[in-house]
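Structure data (mmCIF, C-alpha atoms) from upload33.cif:
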data_coords
#
loop_
_atom_site.label_atom_id
_atom_site.label_comp_id
_atom_site.auth_asym_id
_atom_site.auth_seq_id
_atom_site.Cartn_x
_atom_site.Cartn_y
_atom_site.Cartn_z
CA ALA A 1 95.44 107.45 95.33
CA LEU A 2 92.20 109.06 94.22
CA ALA A 3 91.12 105.86 92.50
CA ASP A 4 91.61 103.81 95.65
CA LEU A 5 89.75 106.43 97.68
CA ALA A 6 86.79 106.58 95.31
CA HIS A 7 86.50 102.93 94.35
CA ARG A 8 87.12 101.39 97.78
CA THR A 9 87.37 103.70 100.80
CA LEU A 10 84.27 105.84 100.13
CA LYS A 11 82.22 103.19 98.37
CA SER A 12 79.90 102.50 101.32
CA ASP A 13 79.72 106.05 102.70
CA PHE A 14 76.92 107.41 100.51
CA ARG A 15 73.38 106.16 99.97
CA HIS A 16 72.66 108.03 96.77
CA ILE A 17 76.11 108.14 95.18
CA ASP A 18 78.05 105.16 93.88
CA THR A 19 81.64 106.41 94.14
CA SER A 20 82.89 103.24 92.43
CA GLU A 21 81.56 104.73 89.18
CA THR A 22 83.95 107.65 89.46
CA ARG A 23 85.92 108.12 86.26
CA ILE A 24 89.52 109.23 86.72
CA ILE A 25 91.57 110.25 83.68
CA LEU A 26 95.30 110.91 83.90
CA VAL A 27 96.62 113.13 81.10
CA GLU A 28 100.36 113.10 80.40
CA GLY A 29 102.05 115.14 77.69
CA MET A 30 105.05 112.81 77.44
CA ASP A 31 105.03 109.31 75.97
CA ARG A 32 104.82 107.59 79.38
CA VAL A 33 103.90 108.27 83.00
CA LEU A 34 106.71 109.23 85.40
CA PRO A 35 109.12 110.21 82.58
CA PRO A 36 112.12 110.78 84.91
CA PHE A 37 112.01 107.12 86.00
CA ASP A 38 113.42 104.09 84.22
CA PRO A 39 111.07 102.96 81.40
CA GLU A 40 110.50 99.63 83.15
CA LEU A 41 109.35 101.41 86.31
CA SER A 42 107.17 103.77 84.28
CA ALA A 43 105.49 100.75 82.73
CA GLU A 44 104.96 99.28 86.20
CA ALA A 45 103.42 102.55 87.40
CA ARG A 46 101.04 102.54 84.46
CA ARG A 47 100.05 98.94 85.13
CA ALA A 48 99.34 99.73 88.79
CA LEU A 49 97.27 102.80 87.92
CA GLU A 50 95.23 100.95 85.32
CA LYS A 51 94.62 98.18 87.85
CA LEU A 52 93.10 100.86 90.10
CA GLY A 53 90.79 101.89 87.28
CA VAL A 54 92.63 105.00 86.10
CA GLU A 55 92.39 105.87 82.41
CA ILE A 56 95.79 106.99 81.15
CA ARG A 57 96.31 109.16 78.09
CA THR A 58 99.89 109.85 77.07
CA ARG A 59 101.12 112.21 74.35
CA THR A 60 98.08 114.30 75.20
CA LEU A 61 97.98 118.01 76.02
CA VAL A 62 95.27 119.95 77.82
CA THR A 63 94.32 122.98 75.73
CA LYS A 64 91.30 124.32 77.61
CA ILE A 65 89.68 124.03 81.03
CA ASP A 66 86.45 125.66 82.15
CA GLY A 67 84.00 124.95 84.93
CA GLU A 68 82.44 121.94 83.23
CA GLU A 69 84.68 120.68 80.43
CA VAL A 70 88.29 119.81 79.63
CA THR A 71 89.62 119.83 76.08
CA PHE A 72 92.55 117.60 75.06
CA LEU A 73 94.79 117.62 72.02
CA HIS A 74 96.00 114.17 70.94
CA GLU A 75 97.60 113.48 67.56
CA ASN A 76 96.27 116.79 66.18
CA GLN A 77 92.72 115.92 67.21
CA ASN A 78 90.70 117.69 69.89
CA GLU A 79 88.51 115.85 72.36
CA THR A 80 86.28 117.34 75.04
CA ILE A 81 84.97 115.57 78.12
CA HIS A 82 82.74 116.77 80.94
CA ALA A 83 84.58 117.12 84.25
CA ASN A 84 83.42 118.98 87.34
CA THR A 85 86.68 118.28 89.17
CA VAL A 86 90.12 118.93 87.64
CA LEU A 87 93.41 118.49 89.51
CA TRP A 88 96.30 120.37 87.90
CA ALA A 89 99.69 118.78 88.67
CA ALA A 90 101.92 120.37 86.06
CA GLY A 91 104.00 122.44 88.45
CA VAL A 92 103.70 125.52 90.63
CA ARG A 93 104.98 129.06 90.55
CA ALA A 94 107.85 130.04 92.80
CA SER A 95 107.53 132.28 95.84
CA LYS A 96 106.93 136.00 95.29
CA MET A 97 110.29 136.55 96.96
CA GLY A 98 111.87 135.69 93.61
CA LYS A 99 110.27 138.75 92.02
CA VAL A 100 111.46 140.91 94.91
CA LEU A 101 115.03 139.68 94.48
CA ALA A 102 114.87 140.24 90.73
CA GLU A 103 113.64 143.82 91.11
CA ARG A 104 116.29 144.74 93.67
CA THR A 105 119.30 142.89 92.25
CA GLY A 106 118.61 142.69 88.52
CA ALA A 107 118.55 138.90 88.57
CA GLU A 108 116.61 137.07 85.87
CA LEU A 109 113.58 134.85 86.46
CA ASP A 110 112.40 131.81 84.53
CA ARG A 111 108.80 131.18 83.48
CA ALA A 112 107.96 129.70 86.88
CA GLY A 113 109.36 132.71 88.75
CA ARG A 114 112.54 130.99 89.91
CA VAL A 115 115.73 133.03 90.20
CA MET A 116 118.62 132.29 87.84
CA VAL A 117 121.67 131.57 90.01
CA GLU A 118 125.37 131.14 89.42
CA ALA A 119 127.27 127.86 89.77
CA ASP A 120 127.81 128.57 93.48
CA LEU A 121 124.09 129.37 94.01
CA SER A 122 124.77 133.10 94.35
CA LEU A 123 123.05 135.84 92.36
CA PRO A 124 124.88 137.37 89.38
CA ASN A 125 126.94 140.37 90.54
CA HIS A 126 125.90 139.64 94.13
CA PRO A 127 128.24 136.92 95.45
CA ASP A 128 126.98 137.42 99.00
CA ILE A 129 123.32 136.62 98.21
CA PHE A 130 122.37 132.96 97.79
CA VAL A 131 119.17 131.31 96.62
CA VAL A 132 118.51 127.62 97.24
CA GLY A 133 115.64 125.17 97.02
CA ASP A 134 112.63 125.51 94.74
CA LEU A 135 113.23 129.26 94.36
CA ALA A 136 116.53 128.65 92.57
CA HIS A 137 116.89 127.94 88.84
CA TYR A 138 120.17 126.01 88.74
CA ALA A 139 121.13 125.15 85.15
CA HIS A 140 124.85 124.44 85.58
CA GLN A 141 124.53 120.66 85.74
CA GLY A 142 123.08 118.73 82.83
CA ASP A 143 120.79 120.01 80.10
CA ARG A 144 117.86 120.74 82.43
CA PRO A 145 117.56 122.79 85.62
CA LEU A 146 117.51 120.86 88.86
CA PRO A 147 114.00 119.99 90.11
CA GLY A 148 112.53 121.79 93.10
CA VAL A 149 112.47 118.81 95.43
CA ALA A 150 113.63 118.30 99.01
CA PRO A 151 116.88 116.37 98.31
CA VAL A 152 118.11 119.15 96.02
CA ALA A 153 117.24 121.84 98.57
CA MET A 154 118.96 119.95 101.39
CA GLN A 155 122.19 119.52 99.44
CA GLN A 156 122.13 123.15 98.31
CA GLY A 157 121.68 124.36 101.88
CA GLN A 158 124.61 122.22 103.04
CA TYR A 159 126.75 123.52 100.18
CA VAL A 160 126.03 127.19 100.93
CA ALA A 161 126.80 126.66 104.62
CA LYS A 162 130.11 125.05 103.66
CA LEU A 163 130.84 127.84 101.17
CA ILE A 164 130.27 130.60 103.72
CA THR A 165 132.46 128.79 106.26
CA SER A 166 135.20 128.40 103.65
CA ARG A 167 135.10 132.09 102.77
CA ILE A 168 135.51 133.02 106.42
CA LYS A 169 138.63 130.84 106.47
CA ASN A 170 139.82 132.35 103.15
CA GLN A 171 139.46 128.97 101.47
CA ALA A 172 137.93 128.16 98.10
CA ILE A 173 135.62 125.32 97.13
CA GLY A 174 134.25 124.21 93.78
CA SER A 175 130.85 124.78 92.25
CA PHE A 176 127.75 123.10 93.59
CA ARG A 177 127.14 119.60 92.24
CA TYR A 178 123.96 117.75 93.02
CA LYS A 179 124.37 114.08 93.85
CA PRO A 180 121.11 112.28 93.08
CA SER A 181 120.03 110.11 95.98
CA GLY A 182 117.29 108.32 94.08
CA SER A 183 113.64 108.79 93.19
CA LEU A 184 110.56 107.37 94.87
CA ALA A 185 106.93 107.58 93.81
CA ILE A 186 103.91 106.05 95.49
CA ILE A 187 101.17 104.85 93.14
CA GLY A 188 98.56 103.58 95.56
CA ARG A 189 97.95 101.08 98.31
CA ASN A 190 100.86 98.58 98.28
CA GLU A 191 102.13 100.05 95.02
CA ALA A 192 105.18 102.25 94.46
CA VAL A 193 108.33 102.51 92.36
CA VAL A 194 111.86 103.25 93.56
CA ASP A 195 114.89 104.09 91.43
CA PHE A 196 118.26 104.45 93.14
CA GLY A 197 120.19 103.88 89.93
CA TRP A 198 122.01 100.87 91.33
CA MET A 199 118.76 99.38 92.61
CA LYS A 200 115.21 99.45 91.26
CA LEU A 201 112.15 98.27 93.16
CA LYS A 202 108.46 98.10 92.37
CA GLY A 203 105.25 96.96 94.01
CA PHE A 204 104.98 96.18 97.71
CA PRO A 205 108.74 96.27 98.56
CA ALA A 206 109.00 99.72 96.98
CA TRP A 207 105.91 100.85 98.89
CA LEU A 208 107.44 99.76 102.21
CA LEU A 209 110.69 101.55 101.38
CA TRP A 210 108.76 104.72 100.47
CA LEU A 211 107.08 104.65 103.89
CA PHE A 212 110.37 104.07 105.69
CA VAL A 213 112.17 106.92 103.91
CA HIS A 214 109.42 109.44 104.64
CA VAL A 215 109.22 108.49 108.30
CA TYR A 216 113.02 108.49 108.60
CA TYR A 217 113.29 112.14 107.53
CA LEU A 218 110.70 113.37 110.03
CA ILE A 219 112.22 115.27 112.93
CA GLU A 220 111.77 114.09 116.52
CA PHE A 221 110.98 110.54 117.54
CA ASP A 222 107.51 111.55 118.79
CA ASN A 223 106.52 112.73 115.31
CA LYS A 224 107.75 109.51 113.75
CA LEU A 225 105.81 107.42 116.25
CA VAL A 226 102.59 109.38 115.75
CA VAL A 227 102.80 109.20 111.95
CA MET A 228 103.59 105.48 111.98
CA THR A 229 100.63 104.84 114.30
CA GLN A 230 98.24 106.86 112.13
CA TRP A 231 99.45 105.25 108.92
CA THR A 232 99.13 101.76 110.40
CA TRP A 233 95.58 102.47 111.60
CA ASN A 234 94.54 103.96 108.26
CA TYR A 235 96.08 101.04 106.39
CA LEU A 236 94.31 98.40 108.46
CA THR A 237 90.93 100.15 108.54
CA ARG A 238 91.04 102.10 105.26
CA ASN A 239 89.91 104.99 107.43
CA GLN A 240 90.62 108.47 106.04
CA GLY A 241 88.98 110.50 108.79
CA VAL A 242 85.88 110.82 110.93
CA ARG A 243 82.58 110.49 109.02
CA LEU A 244 79.80 112.91 109.94
CA ILE A 245 76.22 112.32 108.76
CA THR A 246 74.46 115.63 108.14
CA GLN A 247 71.03 116.60 106.82
CA ALA A 248 71.05 118.26 103.40
CA LYS A 249 68.53 120.89 102.32
CA ASP A 250 66.65 118.35 100.22
CA GLY A 251 66.20 116.10 103.24
CA LYS A 252 68.66 113.46 102.08
CA ASN A 253 71.44 112.27 104.30
CA GLN A 254 74.95 113.10 103.19
CA ALA A 255 78.21 111.79 104.53
CA LYS A 256 81.00 114.22 105.21
CA THR A 257 84.54 113.39 106.15
CA ALA A 258 86.55 115.49 108.54
CA PRO A 259 90.21 115.88 107.50
CA ALA A 260 92.45 113.21 108.97
CA GLU A 261 95.21 114.37 111.25
CA THR A 262 98.71 114.31 109.81
#
Have the structure of the file written as structure tokens, please.
Amino acid sequence: ALADLAHRTLKSDFRHIDTSETRIILVEGMDRVLPPFDPELSAEARRALEKLGVEIRTRTLVTKIDGEEVTFLHENQNETIHANTVLWAAGVRASKMGKVLAERTGAELDRAGRVMVEADLSLPNHPDIFVVGDLAHYAHQGDRPLPGVAPVAMQQGQYVAKLITSRIKNQAIGSFRYKPSGSLAIIGRNEAVVDFGWMKLKGFPAWLLWLFVHVYYLIEFDNKLVVMTQWTWNYLTRNQGVRLITQAKDGKNQAKTAPAET
């Protein structure tokens, strides 16, 4: 978490900067953080973030960003704060391949550039072309399109492979149906929330489970061992990389951090 990094990890790395005074503001347009999660887990996530020193503003929309200021709209009132660093986490645009497919097949795109697909993940009027993962806009299950996350992409890939095999054998299968495997979100050091539907966890147990799940899905045992070793070292030492002390133009020492290996 940025708050943990600024308030703890980097606190002693600079002579002329007190990173513990860093102000971090989380702006959320919905009425709570982590809206897809159970309200109880959302409340736990908010508590953990506030404990780290994060200011949380819900029901707030960002209306303007420039190089020095951010303007919010909350309850029909505008507020502007100075901010030299802004992290935008409201989604990403899809690959440019979506536009190529749309131009050559006549398929429609959504606002994010994702391709509208049929119930079997094929393109309209092109049953032999399939789009899966975060490039696919699948709106045939529920009132919202499926999110562009790894579990969805994995199940879609497995379905298309099964569909192609079935067609070769002149067999038919039903439409794609996503089976939610649960949601996990890490909040900070020793803090996370997990929602499997039948089981909900928060705090340290959820954090351990989050680590286990991410290591489990890594390929090759060597990769798992390396990641576990690095994570254990970083956890015990709060070390995020190698610090290099360099001489700035004004003669003051500055600490720089080389990116940690992942």
Open item on the list: So that I can check the surroundings of range 90-106 of chain A, please list as a PyMOL selection string every protein, DNA and RNA residue that reaches within 10 Å of it, counting all atoms listed in the file and ignoring chain neighbours fewer than 2 positions away.
Closed with: chain A and resi 28-29+87-88+108-116+123-126+129+131+134-136+148
Task: Result set, the PyMOL selection byres ((chain A and resi 211) around 12) on current file, as a ChimeraX atom specification - done: /A:184-186,188-194,204-210,212-218,224,227-228,231-232,235
- [ ] Could you check which of A:Lys51, A:Lys200, A:His16, A:Lys162 is closest to Ala3 in chain A, using all atoms listed in the file?
- [x]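 Ranking A:Lys51, A:Lys200, A:His16, A:Lys162 by distance to Ala3 in chain A, first place goes to A:Lys51.
Going from CA of Asp66 in chain A over to CA of Ser20 in chain A, you cover 24.9 Å.
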Open item on the list: Applying 9 Å and all atoms listed in the file, which residues near Glu69 in chain A remain after dropping the ones on its own chain fewer than 5 positions away? List them as a VMD selection string.
Closed with: chain A and resid 64 80 to 84
TODO: Specify as a PyMOL selection string each residue included when the PyMOL selection byres ((chain A and resi 2) around 10) is applied to this file.
DONE: chain A and resi 1+3-9+22+24+52+54+187-188
Just C-alpha atoms for this one: save the residues we selected as a PDB file, keeping the file's coordinate frame.
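The new file part10.pdb reads:
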ATOM      1  CA  ALA A   1      95.440 107.450  95.330  1.00  0.00           C
ATOM      2  CA  ALA A   3      91.120 105.860  92.500  1.00  0.00           C
ATOM      3  CA  ASP A   4      91.610 103.810  95.650  1.00  0.00           C
ATOM      4  CA  LEU A   5      89.750 106.430  97.680  1.00  0.00           C
ATOM      5  CA  ALA A   6      86.790 106.580  95.310  1.00  0.00           C
ATOM      6  CA  HIS A   7      86.500 102.930  94.350  1.00  0.00           C
ATOM      7  CA  ARG A   8      87.120 101.390  97.780  1.00  0.00           C
ATOM      8  CA  THR A   9      87.370 103.700 100.800  1.00  0.00           C
ATOM      9  CA  THR A  22      83.950 107.650  89.460  1.00  0.00           C
ATOM     10  CA  ILE A  24      89.520 109.230  86.720  1.00  0.00           C
ATOM     11  CA  LEU A  52      93.100 100.860  90.100  1.00  0.00           C
ATOM     12  CA  VAL A  54      92.630 105.000  86.100  1.00  0.00           C
ATOM     13  CA  ILE A 187     101.170 104.850  93.140  1.00  0.00           C
ATOM     14  CA  GLY A 188      98.560 103.580  95.560  1.00  0.00           C
TER      15      GLY A 188
END
Task: Distance in Å - CA of Asp128 in chain A versus CA of Ala107 in chain A - done: 13.5 Å
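What separates CA of Asp38 in chain A from CA of Phe72 in chain A is a distance of 26.5 Å.
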Target residues per the PyMOL selection byres ((chain A and resi 55) around 8), formatted as a PDB file with C-alpha atoms, in the frame of the given file:
ATOM      1  CA  ARG A  23      85.920 108.120  86.260  1.00  0.00           C
ATOM      2  CA  ILE A  24      89.520 109.230  86.720  1.00  0.00           C
ATOM      3  CA  ILE A  25      91.570 110.250  83.680  1.00  0.00           C
ATOM      4  CA  LEU A  26      95.300 110.910  83.900  1.00  0.00           C
ATOM      5  CA  LEU A  49      97.270 102.800  87.920  1.00  0.00           C
ATOM      6  CA  GLU A  50      95.230 100.950  85.320  1.00  0.00           C
ATOM      7  CA  GLY A  53      90.790 101.890  87.280  1.00  0.00           C
ATOM      8  CA  VAL A  54      92.630 105.000  86.100  1.00  0.00           C
ATOM      9  CA  ILE A  56      95.790 106.990  81.150  1.00  0.00           C
ATOM     10  CA  ARG A  57      96.310 109.160  78.090  1.00  0.00           C
TER      11      ARG A  57
END
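The smallest atom-to-atom distance between Gly197 in chain A and any of A:Gly182, A:Arg47, A:Val152, A:Thr229, using all atoms listed in the file, is found for A:Gly182.
Distance check against Glu44 in chain A using all atoms listed in the file: of A:His140, A:Lys202, A:Arg238, A:Arg15, the minimum falls on A:Lys202.
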Task: Which of A:Pro180, A:Ala153, A:Thr85, A:Asp195 sits closest to Val70 in chain A [using only C-alpha atoms] - done: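 For Val70 in chain A, the nearest of the candidates is A:Thr85.
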TODO: Using all atoms listed in the file, find the one residue out of A:Leu61, A:Phe221, A:Ser181, A:Ser122 that sits nearest to Met199 in chain A.
DONE: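 Looking only at the distances to Met199 in chain A, the closest residue turns out to be A:Ser181.
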